$ cat final.txt   # compact mmCIF, C-alpha atoms
# COMPACT_ATOMS: atom_id res chain seq x y z
CA MET F 1 0.00 0.00 0.00
CA ASN F 2 2.80 2.41 0.87
CA TYR F 3 4.46 1.67 -2.46
CA LEU F 4 1.21 2.34 -4.35
CA PHE F 5 0.62 5.50 -2.40
CA ARG F 6 4.14 6.77 -3.17
CA LEU F 7 3.73 5.88 -6.85
CA THR F 8 0.38 7.67 -7.07
CA PHE F 9 1.71 10.71 -5.24
CA PHE F 10 4.78 10.83 -7.50
CA ALA F 11 2.56 10.74 -10.62
CA PHE F 12 0.42 13.53 -9.16
CA LEU F 13 3.53 15.57 -8.38
CA ILE F 14 4.88 15.17 -11.92
CA SER F 15 1.55 16.19 -13.45
CA THR F 16 1.43 19.23 -11.16
CA ILE F 17 4.94 20.26 -12.16
CA ASN F 18 4.09 19.82 -15.84
CA TYR F 19 0.96 21.91 -15.42
CA ALA F 20 2.90 24.62 -13.62
CA GLN F 21 5.43 24.70 -16.42
CA LYS F 22 2.63 25.14 -18.97
CA ALA F 23 0.64 27.69 -16.97
CA PRO F 24 0.66 31.12 -18.61
CA LYS F 25 3.07 33.63 -17.11
CA PHE F 26 0.74 36.54 -17.86
CA ASN F 27 -2.99 37.24 -17.88
CA LEU F 28 -5.34 39.81 -19.35
CA GLN F 29 -4.88 42.12 -16.38
CA ASP F 30 -1.22 42.51 -17.40
CA PHE F 31 -2.00 44.00 -20.81
CA TYR F 32 -1.94 47.64 -19.71
CA ASN F 33 0.83 47.25 -17.12
CA TYR F 34 4.53 47.67 -17.76
CA ASP F 35 6.44 44.46 -17.16
CA SER F 36 10.01 44.05 -18.43
CA GLU F 37 9.58 40.31 -18.97
CA LEU F 38 6.37 40.86 -20.93
CA GLU F 39 8.05 43.54 -23.07
CA TYR F 40 10.95 41.19 -23.75
CA THR F 41 8.60 38.33 -24.64
CA VAL F 42 6.63 40.47 -27.11
CA ASP F 43 9.77 41.89 -28.73
CA SER F 44 11.34 38.43 -29.01
CA ILE F 45 8.31 37.09 -30.89
CA PHE F 46 7.93 40.22 -33.01
CA ASN F 47 11.57 40.11 -34.13
CA THR F 48 11.22 36.59 -35.55
CA LEU F 49 8.52 37.63 -38.03
CA SER F 50 8.82 38.88 -41.59
CA ASP F 51 6.86 42.00 -42.53
CA ARG F 52 4.30 39.82 -44.31
CA GLN F 53 3.84 37.67 -41.20
CA LYS F 54 3.50 40.80 -39.07
CA VAL F 55 0.77 42.27 -41.26
CA ALA F 56 -1.05 38.91 -41.34
CA GLN F 57 -1.50 39.22 -37.56
CA MET F 58 -3.90 42.09 -38.24
CA ILE F 59 -6.27 40.04 -40.40
CA ILE F 60 -9.32 38.29 -38.92
CA THR F 61 -11.12 35.99 -41.34
CA SER F 62 -14.49 34.30 -40.79
CA GLY F 63 -15.46 30.69 -40.13
CA GLY F 64 -18.58 28.72 -39.32
CA GLU F 65 -21.63 27.99 -41.43
CA ILE F 66 -21.98 31.53 -42.81
CA GLY F 67 -18.28 32.36 -42.88
CA LYS F 68 -15.65 31.41 -45.42
CA SER F 69 -15.38 27.74 -46.30
CA GLU F 70 -13.47 25.40 -44.03
CA ALA F 71 -11.01 24.70 -46.85
CA THR F 72 -10.38 28.42 -47.41
CA VAL F 73 -9.74 29.10 -43.73
CA LYS F 74 -7.37 26.11 -43.47
CA LYS F 75 -5.48 27.31 -46.54
CA LEU F 76 -5.13 30.81 -45.09
CA ALA F 77 -3.80 29.32 -41.84
CA MET F 78 -1.30 27.16 -43.73
CA GLN F 79 -0.19 30.24 -45.69
CA ASP F 80 0.27 32.11 -42.38
CA ALA F 81 -2.00 34.79 -43.89
CA ILE F 82 -4.31 35.47 -40.92
CA GLY F 83 -4.03 36.41 -37.27
CA GLY F 84 -7.36 34.99 -36.23
CA VAL F 85 -10.84 33.73 -37.08
CA VAL F 86 -14.29 34.91 -36.00
CA TYR F 87 -16.87 32.11 -35.87
CA LEU F 88 -20.28 33.28 -37.01
CA LYS F 89 -22.60 30.30 -36.62
CA GLY F 90 -22.40 26.58 -35.95
CA SER F 91 -22.64 23.80 -33.39
CA LYS F 92 -20.39 23.65 -30.36
CA GLN F 93 -18.85 20.40 -31.59
CA LYS F 94 -18.09 21.78 -35.05
CA HIS F 95 -16.59 25.02 -33.71
CA THR F 96 -14.43 22.97 -31.32
CA GLU F 97 -13.23 20.64 -34.08
CA ASP F 98 -12.44 23.52 -36.46
CA ILE F 99 -10.44 25.39 -33.83
CA ALA F 100 -8.53 22.23 -32.89
CA THR F 101 -7.66 21.70 -36.57
CA LEU F 102 -6.35 25.25 -36.96
CA ASN F 103 -4.37 25.01 -33.71
CA ALA F 104 -2.77 21.83 -35.04
CA ILE F 105 -1.76 23.67 -38.24
CA SER F 106 -0.17 26.49 -36.22
CA SER F 107 1.65 23.98 -34.05
CA LYS F 108 2.92 21.91 -36.96
CA ASN F 109 4.09 24.95 -38.94
CA LYS F 110 5.45 26.72 -35.85
CA THR F 111 3.44 29.85 -36.63
CA ILE F 112 1.84 32.18 -34.08
CA PRO F 113 -1.40 30.62 -32.78
CA LEU F 114 -4.61 32.23 -33.98
CA LEU F 115 -6.95 34.51 -32.04
CA PHE F 116 -10.44 32.97 -32.09
CA SER F 117 -13.42 35.30 -31.74
CA MET F 118 -17.20 35.28 -31.63
CA ASP F 119 -20.12 37.73 -31.46
CA ALA F 120 -21.26 36.14 -28.20
CA GLU F 121 -23.50 38.97 -27.04
CA PRO F 122 -26.39 37.64 -24.94
CA SER F 123 -28.89 38.40 -27.74
CA LEU F 124 -26.77 36.62 -30.38
CA PHE F 125 -25.28 33.84 -28.25
CA ALA F 126 -27.75 31.07 -29.09
CA SER F 127 -27.43 31.77 -32.82
CA ARG F 128 -23.63 31.67 -32.70
CA ILE F 129 -23.43 28.36 -30.81
CA LYS F 130 -26.39 26.23 -31.82
CA GLY F 131 -27.57 24.16 -28.90
CA ALA F 132 -25.98 26.39 -26.27
CA LYS F 133 -28.08 27.50 -23.34
CA ASP F 134 -30.30 30.47 -24.19
CA VAL F 135 -29.20 33.30 -21.90
CA GLY F 136 -31.91 35.69 -23.05
CA LYS F 137 -31.55 39.10 -24.66
CA THR F 138 -29.26 41.91 -23.58
CA ILE F 139 -32.24 44.25 -23.11
CA ASP F 140 -33.60 41.87 -20.43
CA ILE F 141 -30.49 42.09 -18.21
CA LYS F 142 -31.43 44.45 -15.38
CA ASN F 143 -28.71 44.20 -12.71
CA GLU F 144 -25.08 43.24 -12.12
CA ALA F 145 -25.84 39.86 -10.54
CA GLN F 146 -27.93 38.85 -13.54
CA SER F 147 -25.19 40.10 -15.86
CA ASP F 148 -22.54 38.04 -14.05
CA SER F 149 -24.70 34.92 -14.30
CA VAL F 150 -25.07 35.41 -18.06
CA VAL F 151 -21.38 36.18 -18.58
CA ASN F 152 -20.28 33.11 -16.61
CA ILE F 153 -22.35 30.89 -18.91
CA ILE F 154 -21.00 32.60 -22.04
CA ASN F 155 -17.39 32.50 -20.81
CA HIS F 156 -17.67 28.80 -19.96
CA GLU F 157 -18.94 27.94 -23.43
CA LEU F 158 -16.30 30.07 -25.17
CA ARG F 159 -13.46 28.54 -23.15
CA ASP F 160 -14.76 25.03 -23.88
CA ILE F 161 -14.72 25.73 -27.62
CA GLY F 162 -11.37 27.53 -27.56
CA VAL F 163 -12.59 31.07 -28.25
CA HIS F 164 -10.53 33.88 -26.68
CA HIS F 165 -12.24 37.08 -27.81
CA ASN F 166 -15.89 38.09 -27.38
CA TYR F 167 -17.19 40.96 -29.54
CA ALA F 168 -19.42 42.15 -26.71
CA PRO F 169 -20.95 44.12 -25.04
CA VAL F 170 -22.95 46.70 -27.00
CA LEU F 171 -22.76 50.22 -25.55
CA ASP F 172 -25.31 51.69 -27.92
CA ILE F 173 -28.23 53.49 -26.26
CA SER F 174 -31.36 52.14 -27.91
CA SER F 175 -33.80 49.31 -28.06
CA ASP F 176 -35.43 50.69 -31.21
CA ASN F 177 -32.55 51.13 -33.69
CA GLU F 178 -32.97 48.89 -36.75
CA ALA F 179 -29.56 47.23 -36.39
CA ILE F 180 -29.30 47.13 -32.59
CA LYS F 181 -32.81 46.42 -31.26
CA SER F 182 -32.67 44.09 -28.21
CA ARG F 183 -28.86 43.92 -28.37
CA SER F 184 -28.75 47.15 -26.33
CA TYR F 185 -29.16 47.47 -22.55
CA GLY F 186 -31.85 50.06 -23.28
CA SER F 187 -32.38 53.79 -23.53
CA ASN F 188 -31.05 54.91 -20.13
CA LYS F 189 -27.43 56.05 -20.51
CA ASP F 190 -26.32 55.28 -16.94
CA THR F 191 -27.86 51.81 -17.05
CA VAL F 192 -26.12 51.05 -20.34
CA ILE F 193 -22.72 52.17 -19.02
CA ASN F 194 -22.99 50.33 -15.70
CA LEU F 195 -24.23 47.03 -17.12
CA ALA F 196 -21.80 47.09 -20.04
CA ASN F 197 -18.93 47.82 -17.68
CA GLN F 198 -19.94 44.91 -15.45
CA PHE F 199 -20.15 42.64 -18.50
CA ILE F 200 -16.61 43.66 -19.49
CA LYS F 201 -15.21 43.22 -15.98
CA CYS F 202 -16.67 39.74 -15.53
CA THR F 203 -15.71 38.68 -19.06
CA GLN F 204 -12.07 39.70 -18.68
CA GLU F 205 -11.71 38.36 -15.15
CA GLY F 206 -12.83 35.05 -16.66
CA GLY F 207 -9.96 35.15 -19.15
CA ILE F 208 -11.98 36.21 -22.21
CA ILE F 209 -11.20 39.47 -24.05
CA ALA F 210 -14.20 41.83 -24.11
CA THR F 211 -15.03 44.34 -26.86
CA ALA F 212 -17.05 47.52 -26.40
CA LYS F 213 -19.03 48.42 -29.53
CA HIS F 214 -20.06 50.17 -31.78
CA PHE F 215 -17.85 53.27 -31.45
CA PRO F 216 -18.63 56.19 -31.68
CA GLY F 217 -22.28 55.13 -31.17
CA HIS F 218 -24.82 53.20 -33.23
CA GLY F 219 -27.91 53.56 -31.06
CA LEU F 220 -29.16 57.00 -32.00
CA VAL F 221 -28.86 56.74 -35.77
CA LYS F 222 -31.42 55.77 -38.39
CA GLY F 223 -30.82 52.77 -40.58
CA ASP F 224 -28.71 49.63 -40.64
CA THR F 225 -25.09 49.68 -41.86
CA HIS F 226 -25.57 46.16 -43.22
CA LYS F 227 -27.92 47.63 -45.83
CA GLN F 228 -26.91 51.26 -46.37
CA SER F 229 -24.67 54.12 -45.27
CA VAL F 230 -26.02 55.62 -42.04
CA TYR F 231 -25.20 58.93 -40.41
CA ILE F 232 -24.66 60.65 -37.11
CA ASP F 233 -26.01 64.09 -37.94
CA GLY F 234 -24.38 66.61 -35.59
CA ASP F 235 -23.16 65.86 -32.08
CA LEU F 236 -21.68 62.52 -31.01
CA GLN F 237 -24.24 61.76 -28.31
CA GLU F 238 -22.88 58.34 -27.29
CA VAL F 239 -19.12 58.91 -27.12
CA ASP F 240 -19.18 59.66 -23.40
CA ASN F 241 -20.40 56.11 -22.79
CA TYR F 242 -16.85 54.95 -23.48
CA LYS F 243 -15.03 57.12 -20.91
CA LYS F 244 -15.74 54.91 -17.88
CA ILE F 245 -15.29 51.76 -19.97
CA ILE F 246 -11.81 52.89 -21.09
CA GLU F 247 -10.81 53.99 -17.58
CA ASP F 248 -11.75 50.59 -16.18
CA GLY F 249 -9.66 48.64 -18.68
CA VAL F 250 -11.67 47.32 -21.61
CA LEU F 251 -9.18 45.57 -23.88
CA SER F 252 -10.76 46.18 -27.28
CA ILE F 253 -13.19 48.53 -28.99
CA MET F 254 -14.99 47.94 -32.29
CA ILE F 255 -15.48 50.82 -34.74
CA ALA F 256 -18.83 51.17 -36.53
CA HIS F 257 -19.32 51.93 -40.22
CA ILE F 258 -21.17 55.16 -39.36
CA THR F 259 -20.58 58.37 -41.30
CA ILE F 260 -20.55 61.64 -39.33
CA LYS F 261 -21.75 64.88 -40.89
CA ASN F 262 -22.55 68.41 -39.69
CA ASN F 263 -19.90 68.13 -36.97
CA ASP F 264 -17.04 70.64 -37.31
CA GLU F 265 -14.63 68.69 -35.11
CA TYR F 266 -15.40 65.09 -36.01
CA SER F 267 -16.69 65.03 -39.57
CA THR F 268 -15.63 61.88 -41.40
CA ASN F 269 -15.74 63.49 -44.87
CA GLU F 270 -18.22 60.96 -46.24
CA LEU F 271 -16.16 58.00 -45.02
CA PRO F 272 -17.49 55.54 -42.41
CA SER F 273 -15.98 55.98 -38.93
CA SER F 274 -14.14 52.67 -39.37
CA CYS F 275 -12.06 54.32 -42.10
CA SER F 276 -11.71 57.77 -40.49
CA LYS F 277 -8.40 58.79 -38.91
CA ASN F 278 -10.22 61.72 -37.33
CA ILE F 279 -12.42 59.34 -35.33
CA ILE F 280 -10.05 56.46 -34.57
CA THR F 281 -6.71 58.18 -34.05
CA GLY F 282 -7.86 61.72 -33.29
CA LEU F 283 -10.81 60.99 -31.00
CA LEU F 284 -10.44 57.47 -29.62
CA LYS F 285 -6.66 57.21 -29.29
CA GLN F 286 -5.49 60.77 -28.70
CA LYS F 287 -8.40 62.57 -27.03
CA MET F 288 -9.87 59.63 -25.11
CA GLY F 289 -6.53 57.92 -24.44
CA PHE F 290 -7.49 54.40 -25.50
CA LYS F 291 -4.40 52.19 -25.75
CA GLY F 292 -6.05 48.82 -26.32
CA ILE F 293 -6.91 46.88 -29.46
CA ILE F 294 -9.06 48.66 -32.03
CA ILE F 295 -10.99 46.43 -34.42
CA SER F 296 -13.04 47.42 -37.44
CA ASP F 297 -16.57 46.17 -37.90
CA ALA F 298 -16.95 43.54 -40.65
CA MET F 299 -15.51 44.64 -43.99
CA ASN F 300 -17.15 42.05 -46.24
CA ILE F 301 -20.88 42.79 -46.37
CA MET F 302 -21.48 46.22 -44.87
CA LYS F 303 -22.78 48.56 -47.57
CA ALA F 304 -20.92 51.52 -46.08
CA VAL F 305 -17.51 49.93 -46.77
CA THR F 306 -18.09 47.62 -49.72
CA ILE F 307 -18.71 50.68 -51.91
CA LEU F 308 -15.17 51.93 -51.15
CA ASP F 309 -12.21 50.94 -53.32
CA ASN F 310 -9.94 49.84 -50.48
CA ALA F 311 -11.72 49.94 -47.14
CA PRO F 312 -9.34 47.54 -45.30
CA LEU F 313 -6.31 49.74 -46.06
CA LEU F 314 -8.24 52.88 -45.12
CA ALA F 315 -9.29 51.26 -41.83
CA SER F 316 -5.71 50.33 -41.03
CA LYS F 317 -4.40 53.80 -41.92
CA ALA F 318 -7.15 55.33 -39.77
CA GLY F 319 -5.82 53.40 -36.75
CA CYS F 320 -7.53 49.99 -36.64
CA ASP F 321 -5.25 47.25 -35.30
CA LEU F 322 -7.42 44.35 -36.43
CA ILE F 323 -9.17 44.26 -39.81
CA LEU F 324 -12.30 42.16 -39.52
CA MET F 325 -13.40 39.97 -42.41
CA PRO F 326 -11.87 41.70 -45.43
CA GLN F 327 -13.19 40.36 -48.72
CA SER F 328 -9.67 39.22 -49.68
CA GLU F 329 -7.16 38.54 -46.94
CA ILE F 330 -4.22 38.19 -49.34
CA ASN F 331 -5.04 41.39 -51.22
CA THR F 332 -5.36 43.25 -47.92
CA ILE F 333 -1.91 42.08 -46.80
CA ASN F 334 -0.35 43.02 -50.13
CA THR F 335 -1.98 46.45 -50.16
CA ILE F 336 -0.84 47.23 -46.61
CA LEU F 337 2.70 46.04 -47.38
CA ALA F 338 2.86 48.24 -50.47
CA GLU F 339 1.66 51.28 -48.53
CA MET F 340 4.21 50.64 -45.76
CA LYS F 341 7.03 50.91 -48.31
CA THR F 342 6.01 54.43 -49.33
CA ASP F 343 4.86 55.83 -45.97
CA ALA F 344 7.33 55.63 -43.08
CA ALA F 345 4.83 56.94 -40.51
CA TYR F 346 2.29 54.32 -41.54
CA ASN F 347 4.96 51.61 -41.42
CA LYS F 348 5.67 52.58 -37.81
CA GLN F 349 1.95 52.56 -36.99
CA VAL F 350 1.53 49.04 -38.38
CA MET F 351 4.47 47.79 -36.32
CA GLN F 352 2.83 49.25 -33.19
CA SER F 353 -0.46 47.52 -34.04
CA VAL F 354 1.29 44.17 -34.49
CA LYS F 355 3.11 44.49 -31.17
CA LYS F 356 -0.21 45.19 -29.44
CA ILE F 357 -1.76 42.11 -31.04
CA ILE F 358 1.17 39.91 -29.98
CA ARG F 359 0.97 41.37 -26.48
CA LEU F 360 -2.74 40.55 -26.34
CA LYS F 361 -2.07 36.97 -27.46
CA VAL F 362 0.60 36.55 -24.78
CA CYS F 363 -1.65 38.00 -22.05
CA ALA F 364 -4.58 35.84 -23.19
CA GLY F 365 -2.39 32.71 -22.92
CA ILE F 366 -2.63 32.07 -26.67
CA ILE F 367 1.14 32.33 -26.98
CA GLN F 368 2.95 30.53 -24.15

$ encode --input "final.txt" --output "structure tokens"
Amino acid sequence: MNYLFRLTFFAFLISTINYAQKAPKFNLQDFYNYDSELEYTVDSIFNTLSDRQKVAQMIITSGGEIGKSEATVKKLAMQDAIGGVVYLKGSKQKHTEDIATLNAISSKNKTIPLLFSMDAEPSLFASRIKGAKDVGKTIDIKNEAQSDSVVNIINHELRDIGVHHNYAPVLDISSDNEAIKSRSYGSNKDTVINLANQFIKCTQEGGIIATAKHFPGHGLVKGDTHKQSVYIDGDLQEVDNYKKIIEDGVLSIMIAHITIKNNDEYSTNELPSSCSKNIITGLLKQKMGFKGIIISDAMNIMKAVTILDNAPLLASKAGCDLILMPQSEINTINTILAEMKTDAAYNKQVMQSVKKIIRLKVCAGIIQ
């Protein structure tokens, strides 16, 4: 018995040591903090990459039943031409299998592991993971305890599948807007801010990256950017929603395809906000001090950007770190690389974006 006990204990000890060796050194709470070891880790990874590999880190393609085909996504991963995948719709089992396949490709080819994302807002959750528990609609969440209960369910499902990044919550003030509807916490500004902030806090404490959206505000506009160009006419009434969210450490913000007119300071000159340097760099980065990851809204189907000649490049030049669902990932990489060669300031900006993305992957435990 003593021999068996010692043998069992020794096996347990070895497994504990192995686990400790594999445990991530950093977590999401480290992203905004200076740490010399973290800086060294990021720089070491960054310096091994070619410019093409660096730019590829900025590209998020789509997967799932209504995303790009499984074969296309696998080919992009094997070409080291993407930094991540957003899964749009499918079963838990299929999402899990697809992510495992892509992780195996990264491991075999010794490329940087991919960042896996999902629009797992409460209102969209059941449609993104078919068969998952229905957590209700965002508009029906009324207090922090209820929010935490919903987030814990969402986080558990995302971790099980292998998803690191949740494109939620919505900060838009509205339950009536055509595009937002029940995805909002409602029409009371303070309620929206408090519940969204709690959603972010609980999400990130659970090891999942949260995303505040849709900057600079999609609630008080008319129309749906999936179907047409929509406008903020005059003042930016929802920008202040983001102040508390930024102060409290949200890791990413998504930029809407909303055009701003009749605003002397923040006109977008007929471009969507997602392609406006005035909004992303001038307002969000410089004036509001956001230092996290900035991601564009989807570039493949939104009317406001598909009518532009080169929306992905414009979004990157405006200050987006991650380009979501460009129509052609390879063309986007090539266009960005070509622009970098002729614009030294833009080249520097891209390098800063890539370092932020690598830092996020290290803090999320994606790179260990």

$ closest_residue --input "final.txt" --among "F:Ala298, F:Ile255, F:Val192, F:Val73" --to "Gly217 in chain F" --atoms "all atoms listed in the file"
F:Ile255

$ atom_distance --input "final.txt" --atom1 "CA of His95 in chain F" --atom2 "CA of Arg159 in chain F"
11.6 Å

$ closest_residue --input "final.txt" --among "F:Lys317, F:Lys133, F:Lys94, F:Arg359" --to "Ile161 in chain F" --atoms "all atoms listed in the file"
F:Lys94

$ atom_distance --input "final.txt" --atom1 "CA of Asp35 in chain F" --atom2 "CA of Ile209 in chain F"
19.6 Å

$ atom_distance --input "final.txt" --atom1 "CA of Gln204 in chain F" --atom2 "CA of Ile60 in chain F"
20.5 Å

$ closest_residue --input "final.txt" --among "F:Ala315, F:Ile180, F:Ile112, F:Ile307" --to "Thr48 in chain F" --atoms "only C-alpha atoms"
F:Ile112

$ residues_around --input "final.txt" --residues "range 274-289 of chain F" --least-positions-apart "4" --cutoff "7 Å" --atoms "only C-alpha atoms" --output "list in words"
Ile255, Ala256, His257, Tyr266, Thr268, Ser296, Ala311, Leu314, Ala315, Ala318 and Gly319 of chain F

$ write_last_selection --input "final.txt" --atoms "C-alpha atoms" --output "mmCIF file, in the frame of the given file"
data_model
loop_
_atom_site.group_PDB
_atom_site.id
_atom_site.type_symbol
_atom_site.label_atom_id
_atom_site.label_comp_id
_atom_site.auth_asym_id
_atom_site.auth_seq_id
_atom_site.Cartn_x
_atom_site.Cartn_y
_atom_site.Cartn_z
ATOM 1 C CA ILE F 255 -15.480 50.820 -34.740
ATOM 2 C CA ALA F 256 -18.830 51.170 -36.530
ATOM 3 C CA HIS F 257 -19.320 51.930 -40.220
ATOM 4 C CA TYR F 266 -15.400 65.090 -36.010
ATOM 5 C CA THR F 268 -15.630 61.880 -41.400
ATOM 6 C CA SER F 296 -13.040 47.420 -37.440
ATOM 7 C CA ALA F 311 -11.720 49.940 -47.140
ATOM 8 C CA LEU F 314 -8.240 52.880 -45.120
ATOM 9 C CA ALA F 315 -9.290 51.260 -41.830
ATOM 10 C CA ALA F 318 -7.150 55.330 -39.770
ATOM 11 C CA GLY F 319 -5.820 53.400 -36.750
#
